[in-house]
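A.B. asks: This is the structure I want to talk about, given as structure tokens.
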Amino acid sequence: MDTVEAKNLVKDYGDFRAVKGVDFTIRSGEAFGFLGPNGAGKTTVMSILYCMMPPTAGDVTVLGMDVVKRPSAIKALEGVMPQDDNLDPDLSALENLIVYARYFHIPPRLSRPRAQELLRFVELNDWADTNITKLSGGMRRRLILARALINDPELIILDEPTTGMDPHGRRAVWDNMENLKAEGRTLILTTHYMEEADRICDRVAIMDRGKIVCMGTPEGLKDSTGTRNLEDAYLKLTGRRLDEGHDA
Amino acid sequence: MRLFNPKRAFRVWQRHLKVYTKLYLSSLTLNVVEPVLYLTAMGLGLGAYLTEMDGMPYINFIAPGIIAYSAMFAASGECTYGTYVRMTYQKTFDAMLATPVNLEDLVTGEILWGATKSTIYGTIIIITISVMGLVASPLIVFAIPALLVAGIIFAEMAVFYAAVVPGIDYFNYYFTLVVTPMFLFSGVFFPIEGLHPVAETIAYFTPLYHLVNITRGLASGALPWGDMLWLLVCVVVLAPLPFYAMRKRMIK
């Protein structure tokens with residue numbers, strides 16, 4: 001079964017059409033990346049997949065359920081790593097995970113050992129009782145990743161997982177993502193790091209100004225455009241460099 | 001609009017309780033200071049110049065009003081500044097909404113938490129004035145559920161306001177134009193029957209006036225059913241506002 005199916009997905013913010021009718025399917029167990037500059041519509045697509053907002057038009061099903069009709073049931077099976085840091089600043093690293101687990105009705109008796117295991121997974125076990133305001137930016141990103149896994153999700157949505165991280169932290173998160181993939185979980189991520197997409201993603205969709213300009217395996221995209229890396233493939237497909245951003 | 005799910009709303013409430021017990025529980029008794037200052041300044045200071053108010057010593061008259069005032073400020077503060085900070089600066093709402101918690105669950109949790117603080121703060125004052133010997137009837141314990149009901153109203157109003165303001169500075173207006181006038185003109189310090197008929201009518205439609213009637217009635221052994229009914233109706237009538245406004249703000 002496909003994990004995500006989107007047909008003619010449209011999203012408007014007032015008069016601005018952020019996503020202009022995109023179609024894609026994401027298969028169970030694959031790592032799928034949305035690439036593109038800021039303003040391409042990646043984060044909007046992700047927010048719709050975790051039911052933060054409804055699509056303006058089109059059909060979107062996640063894990064066989066309609067995002068408009070069954071948001072709570074979908075979100076129960078998803079893990080979300082948002083772009084923003086929205087950890088609870090009043091709580092320690094461990095408390096952040098335990099409080100978050102409660103939203104999934106996981107009692108502390110079960111979430112505490114799970115949280116400790118996840119803190120080891122992201123190498124923050126020495127910081128369990130530290131207030132999160134004392135953690136570095138990279139450590140907080142890793143804690144947000146750990147938090148996204150508290151409900152043992154089959155689908156993990158990562159919006160710019162490594163943006164703003166130093167090379168060491170980035171590599172650590174890449175290792176984490178590869179481990180999650182090896183466990184058979186479905187990963188959907190957005191990134192503007194081509195190296196990240198190349199390393200993690202089985203398939204990528206390149207987005208530009210609210211549209212998917214092409215979709216395929218990283219190798220396939222490089223072959224079809226006759227380029228050696230995804231950066232050049234992107235330039236060839238859109239006529240712009242990835243870091244140029246959106247100029248709407 | 002969706003209906004809220006009680007179990008998920010409870011999870012939101014539980015998060016607020018966790019943060020509160022971790023950070024603020026130790027300072028709980030400090031919340032008595034301001035109400036007690038009003039009570040002593042007005043009750044004893046001003047009261048020294050008054051023979052009696054409504055047939056009782058002035059401090060006994062205002063003591064039950066202070067319960068109501070304390071409850072109003074607790075929910076109003078929590079669901080304006082507190083809610084707004086969670087919504088914008090801390091992005092706690094975004095974090096919760098990425099879990100099974102939906103917006104209606106979240107709003108319900110905010111309101112119930114505000115009402116819980118009203119109940120806690122009001123109850124502390126009940127205990128304080130009882131210890132001071134200012135309460136004539138044990139019926140005052142029935143004020144506790146009334147604090148919860150009135151707390152829901154104050155929280156509904158505050159969450160609605162938090163959902164529509166463009167910035168945190170706008171809460172000054174809410175306190176200056178809504179909370180403080182209610183505090184001064186809803187019968188806490190003097191019976192509203194002495195006001196101009198227009199002011200009296202406005203006062204009648206404030207939730208604080210009815211809560212004051214309830215606490216003052218119970219403190220002297222009466223059962224003010226009419227005011228209780230008024231509050232319950234008010235809870236229902238105001239309920240759609242915070243949900244509608246929050247959905248409009250949060251869901252793009």
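In the structure tokens, chains take the letters A, B, ... in the order shown, each chain's residues start at 1, and ligands count up from 1 in the order shown.
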Report as a tab-separated table the residues of chain A within 7 Å of chain B, each with its shortest atom pair and distance in Å (one decimal), using only C-alpha atoms, ordered by chain and increasing residue number.

C.D. replies:
residue	atom	partner	partner_atom	distance
A:Tyr13	CA	B:Lys252	CA	6.7
A:Tyr50	CA	B:Ala98	CA	6.4
A:Met52	CA	B:Leu97	CA	6.6
A:Met53	CA	B:Ile251	CA	5.5
A:Ser72	CA	B:Pro100	CA	4.3
A:Ala73	CA	B:Pro100	CA	6.7
A:Lys75	CA	B:Pro100	CA	5.1
A:Ala76	CA	B:Pro100	CA	5.2
A:Val80	CA	B:Ala98	CA	6.4
A:Asn86	CA	B:Lys91	CA	5.1
A:Asp88	CA	B:Thr92	CA	6.7
A:Asp90	CA	B:Val19	CA	6.6
A:Val99	CA	B:Arg15	CA	6.3
A:Arg102	CA	B:Arg11	CA	6.2
A:Tyr103	CA	B:Arg11	CA	5.6
A:Phe104	CA	B:Pro100	CA	6.3

A.B. asks: Atoms to include: all heavy atoms. Write the selected residues as a compact mmCIF listing (two decimals), in the first residue's frame.

C.D. replies:
# COMPACT_ATOMS: atom_id res chain seq x y z
N TYR A 13 -2.88 30.53 0.22
CA TYR A 13 -2.90 31.40 1.41
C TYR A 13 -3.50 32.71 0.94
O TYR A 13 -2.81 33.51 0.32
CB TYR A 13 -1.49 31.65 1.94
CG TYR A 13 -0.77 30.41 2.41
CD1 TYR A 13 0.38 29.96 1.77
CD2 TYR A 13 -1.22 29.71 3.53
CE1 TYR A 13 1.05 28.83 2.21
CE2 TYR A 13 -0.55 28.58 3.97
CZ TYR A 13 0.59 28.15 3.31
OH TYR A 13 1.26 27.05 3.75
N TYR A 50 1.01 16.34 7.71
CA TYR A 50 0.78 16.09 9.14
C TYR A 50 -0.43 16.86 9.67
O TYR A 50 -0.54 17.10 10.87
CB TYR A 50 2.03 16.20 9.99
CG TYR A 50 2.76 17.50 10.09
CD1 TYR A 50 2.42 18.45 11.06
CD2 TYR A 50 3.85 17.78 9.26
CE1 TYR A 50 3.11 19.63 11.19
CE2 TYR A 50 4.55 18.97 9.38
CZ TYR A 50 4.18 19.89 10.34
OH TYR A 50 4.87 21.07 10.47
N MET A 52 -1.63 19.76 9.73
CA MET A 52 -1.60 21.05 10.40
C MET A 52 -2.57 22.01 9.73
O MET A 52 -3.12 22.89 10.36
CB MET A 52 -0.18 21.62 10.35
CG MET A 52 0.02 22.86 11.17
SD MET A 52 -0.14 22.53 12.93
CE MET A 52 1.57 22.47 13.41
N MET A 53 -2.75 21.82 8.43
CA MET A 53 -3.75 22.62 7.72
C MET A 53 -4.31 21.78 6.58
O MET A 53 -3.66 20.86 6.10
CB MET A 53 -3.13 23.91 7.21
CG MET A 53 -1.89 23.71 6.40
SD MET A 53 -1.11 25.32 6.17
CE MET A 53 0.34 24.85 5.28
N SER A 72 -6.58 13.13 13.48
CA SER A 72 -6.05 12.60 14.73
C SER A 72 -5.50 11.18 14.55
O SER A 72 -4.42 10.85 15.06
CB SER A 72 -7.17 12.59 15.78
OG SER A 72 -6.73 13.21 16.93
N ALA A 73 -6.23 10.37 13.80
CA ALA A 73 -5.80 8.98 13.58
C ALA A 73 -4.51 8.95 12.76
O ALA A 73 -3.62 8.13 13.01
CB ALA A 73 -6.90 8.21 12.87
N LYS A 75 -2.22 11.43 12.65
CA LYS A 75 -1.12 11.98 13.46
C LYS A 75 -0.65 11.00 14.52
O LYS A 75 0.51 11.03 14.93
CB LYS A 75 -1.55 13.31 14.09
CG LYS A 75 -1.71 14.43 13.06
CD LYS A 75 -1.94 15.78 13.70
CE LYS A 75 -3.32 15.92 14.31
NZ LYS A 75 -3.53 17.22 14.95
N ALA A 76 -1.54 10.10 14.96
CA ALA A 76 -1.15 9.10 15.96
C ALA A 76 -0.06 8.18 15.42
O ALA A 76 0.72 7.61 16.19
CB ALA A 76 -2.37 8.30 16.40
N VAL A 80 6.74 13.77 13.70
CA VAL A 80 6.98 15.01 12.97
C VAL A 80 8.17 15.76 13.56
O VAL A 80 8.22 16.01 14.77
CB VAL A 80 5.73 15.92 13.00
CG1 VAL A 80 6.02 17.23 12.28
CG2 VAL A 80 4.53 15.21 12.38
N ASN A 86 10.18 23.99 18.60
CA ASN A 86 9.03 24.21 19.49
C ASN A 86 9.08 23.28 20.70
O ASN A 86 8.05 22.82 21.19
CB ASN A 86 7.71 24.10 18.72
CG ASN A 86 7.59 22.78 17.98
OD1 ASN A 86 8.21 21.80 18.36
ND2 ASN A 86 6.78 22.76 16.94
N ASP A 88 9.53 22.43 24.67
CA ASP A 88 8.97 23.13 25.83
C ASP A 88 10.11 23.73 26.65
O ASP A 88 10.85 22.98 27.29
CB ASP A 88 8.18 22.12 26.68
CG ASP A 88 6.79 22.62 26.94
OD1 ASP A 88 6.65 23.81 27.26
OD2 ASP A 88 5.84 21.82 26.82
N ASP A 90 10.35 25.18 29.39
CA ASP A 90 10.30 25.06 30.85
C ASP A 90 10.72 23.69 31.34
O ASP A 90 10.81 23.45 32.54
CB ASP A 90 8.87 25.34 31.34
CG ASP A 90 8.42 26.73 30.95
OD1 ASP A 90 9.22 27.67 31.06
OD2 ASP A 90 7.26 26.88 30.50
N VAL A 99 6.29 14.43 28.35
CA VAL A 99 5.09 15.26 28.18
C VAL A 99 4.53 15.08 26.77
O VAL A 99 3.32 14.94 26.57
CB VAL A 99 5.40 16.75 28.47
CG1 VAL A 99 4.30 17.66 27.95
CG2 VAL A 99 5.57 16.95 29.97
N ARG A 102 2.53 11.93 26.27
CA ARG A 102 1.17 11.95 26.80
C ARG A 102 0.14 12.36 25.75
O ARG A 102 -1.00 11.92 25.80
CB ARG A 102 1.08 12.94 27.98
CG ARG A 102 1.66 12.42 29.26
CD ARG A 102 0.76 12.85 30.41
NE ARG A 102 1.40 12.64 31.69
CZ ARG A 102 2.08 13.59 32.33
NH1 ARG A 102 2.18 14.80 31.82
NH2 ARG A 102 2.64 13.33 33.49
N TYR A 103 0.55 13.22 24.82
CA TYR A 103 -0.39 13.61 23.76
C TYR A 103 -0.81 12.39 22.92
O TYR A 103 -1.83 12.42 22.24
CB TYR A 103 0.22 14.67 22.83
CG TYR A 103 0.68 15.93 23.52
CD1 TYR A 103 1.87 16.54 23.16
CD2 TYR A 103 -0.09 16.53 24.52
CE1 TYR A 103 2.30 17.71 23.77
CE2 TYR A 103 0.33 17.69 25.15
CZ TYR A 103 1.54 18.28 24.76
OH TYR A 103 1.96 19.44 25.36
N PHE A 104 0.01 11.35 22.96
CA PHE A 104 -0.32 10.10 22.26
C PHE A 104 -0.93 9.10 23.24
O PHE A 104 -1.04 7.92 22.93
CB PHE A 104 0.95 9.51 21.64
CG PHE A 104 1.55 10.34 20.54
CD1 PHE A 104 2.48 11.34 20.85
CD2 PHE A 104 1.20 10.15 19.22
CE1 PHE A 104 3.04 12.13 19.85
CE2 PHE A 104 1.75 10.94 18.21
CZ PHE A 104 2.67 11.92 18.52

A.B. asks: Hey, could you make a per-residue contact list for stretch 10-97 of chain B against stretch 187-209 of chain B with 7 Å as the cut-off, showing the nearest pair of atoms and its distance in Å to one decimal, counting only C-alpha atoms, sorted by chain and number, as a tab-separated table?

C.D. replies:
residue	atom	partner	partner_atom	distance
B:Ile62	CA	B:Phe189	CA	5.7
B:Gly65	CA	B:Val188	CA	4.4
B:Ile66	CA	B:Val188	CA	6.8
B:Ala68	CA	B:Leu208	CA	6.8

A.B. asks: Do you know which residues are at most 6 Å from stretch 126-139 of chain B counting only C-alpha atoms, after dropping those on the same chain fewer than 5 positions away, and could you put them as a PyMOL selection string?

C.D. replies: chain B and resi 60+218-221

A.B. asks: Can you spit out the residues from that selection as an mmCIF file, in the first residue's frame, using N, CA, C and O atoms?

C.D. replies:
data_model
loop_
_atom_site.group_PDB
_atom_site.id
_atom_site.type_symbol
_atom_site.label_atom_id
_atom_site.label_comp_id
_atom_site.auth_asym_id
_atom_site.auth_seq_id
_atom_site.Cartn_x
_atom_site.Cartn_y
_atom_site.Cartn_z
ATOM 1 N N ASN B 60 -16.156 42.216 56.082
ATOM 2 C CA ASN B 60 -16.926 40.998 55.817
ATOM 3 C C ASN B 60 -17.679 41.097 54.485
ATOM 4 O O ASN B 60 -17.914 40.102 53.821
ATOM 5 N N LEU B 218 -23.216 32.634 49.481
ATOM 6 C CA LEU B 218 -22.811 31.412 50.172
ATOM 7 C C LEU B 218 -22.122 31.740 51.501
ATOM 8 O O LEU B 218 -22.337 31.047 52.502
ATOM 9 N N ALA B 219 -21.319 32.798 51.501
ATOM 10 C CA ALA B 219 -20.602 33.167 52.731
ATOM 11 C C ALA B 219 -21.573 33.518 53.858
ATOM 12 O O ALA B 219 -21.255 33.353 55.035
ATOM 13 N N SER B 220 -22.769 33.994 53.486
ATOM 14 C CA SER B 220 -23.729 34.350 54.533
ATOM 15 C C SER B 220 -24.865 33.331 54.643
ATOM 16 O O SER B 220 -25.876 33.587 55.285
ATOM 17 N N GLY B 221 -24.701 32.181 53.966
ATOM 18 C CA GLY B 221 -25.650 31.087 54.162
ATOM 19 C C GLY B 221 -26.784 31.010 53.166
ATOM 20 O O GLY B 221 -27.698 30.204 53.336
#

A.B. asks: Using only C-alpha atoms for the distances, tell me which of B:Tyr38, B:Phe175, B:Phe142, B:Phe4 is nearest to B:Trp225.

C.D. replies: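 Comparing B:Tyr38, B:Phe175, B:Phe142, B:Phe4 against B:Trp225, the winner is B:Phe142.
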
A.B. asks: Atom CA of B:Ala115 to atom CA of B:Val149: how many Å, to one decimal?

C.D. replies: 7.2 Å

A.B. asks: Identify all residues of stretch 10-247 of chain A in alpha helix (DSSP H) (DSSP on the backbone) and supply them as a PyMOL selection string.

C.D. replies: chain A and resi 42-49+71-77+93-102+108-121+137-148+167-182+194-200+218-225+230-238
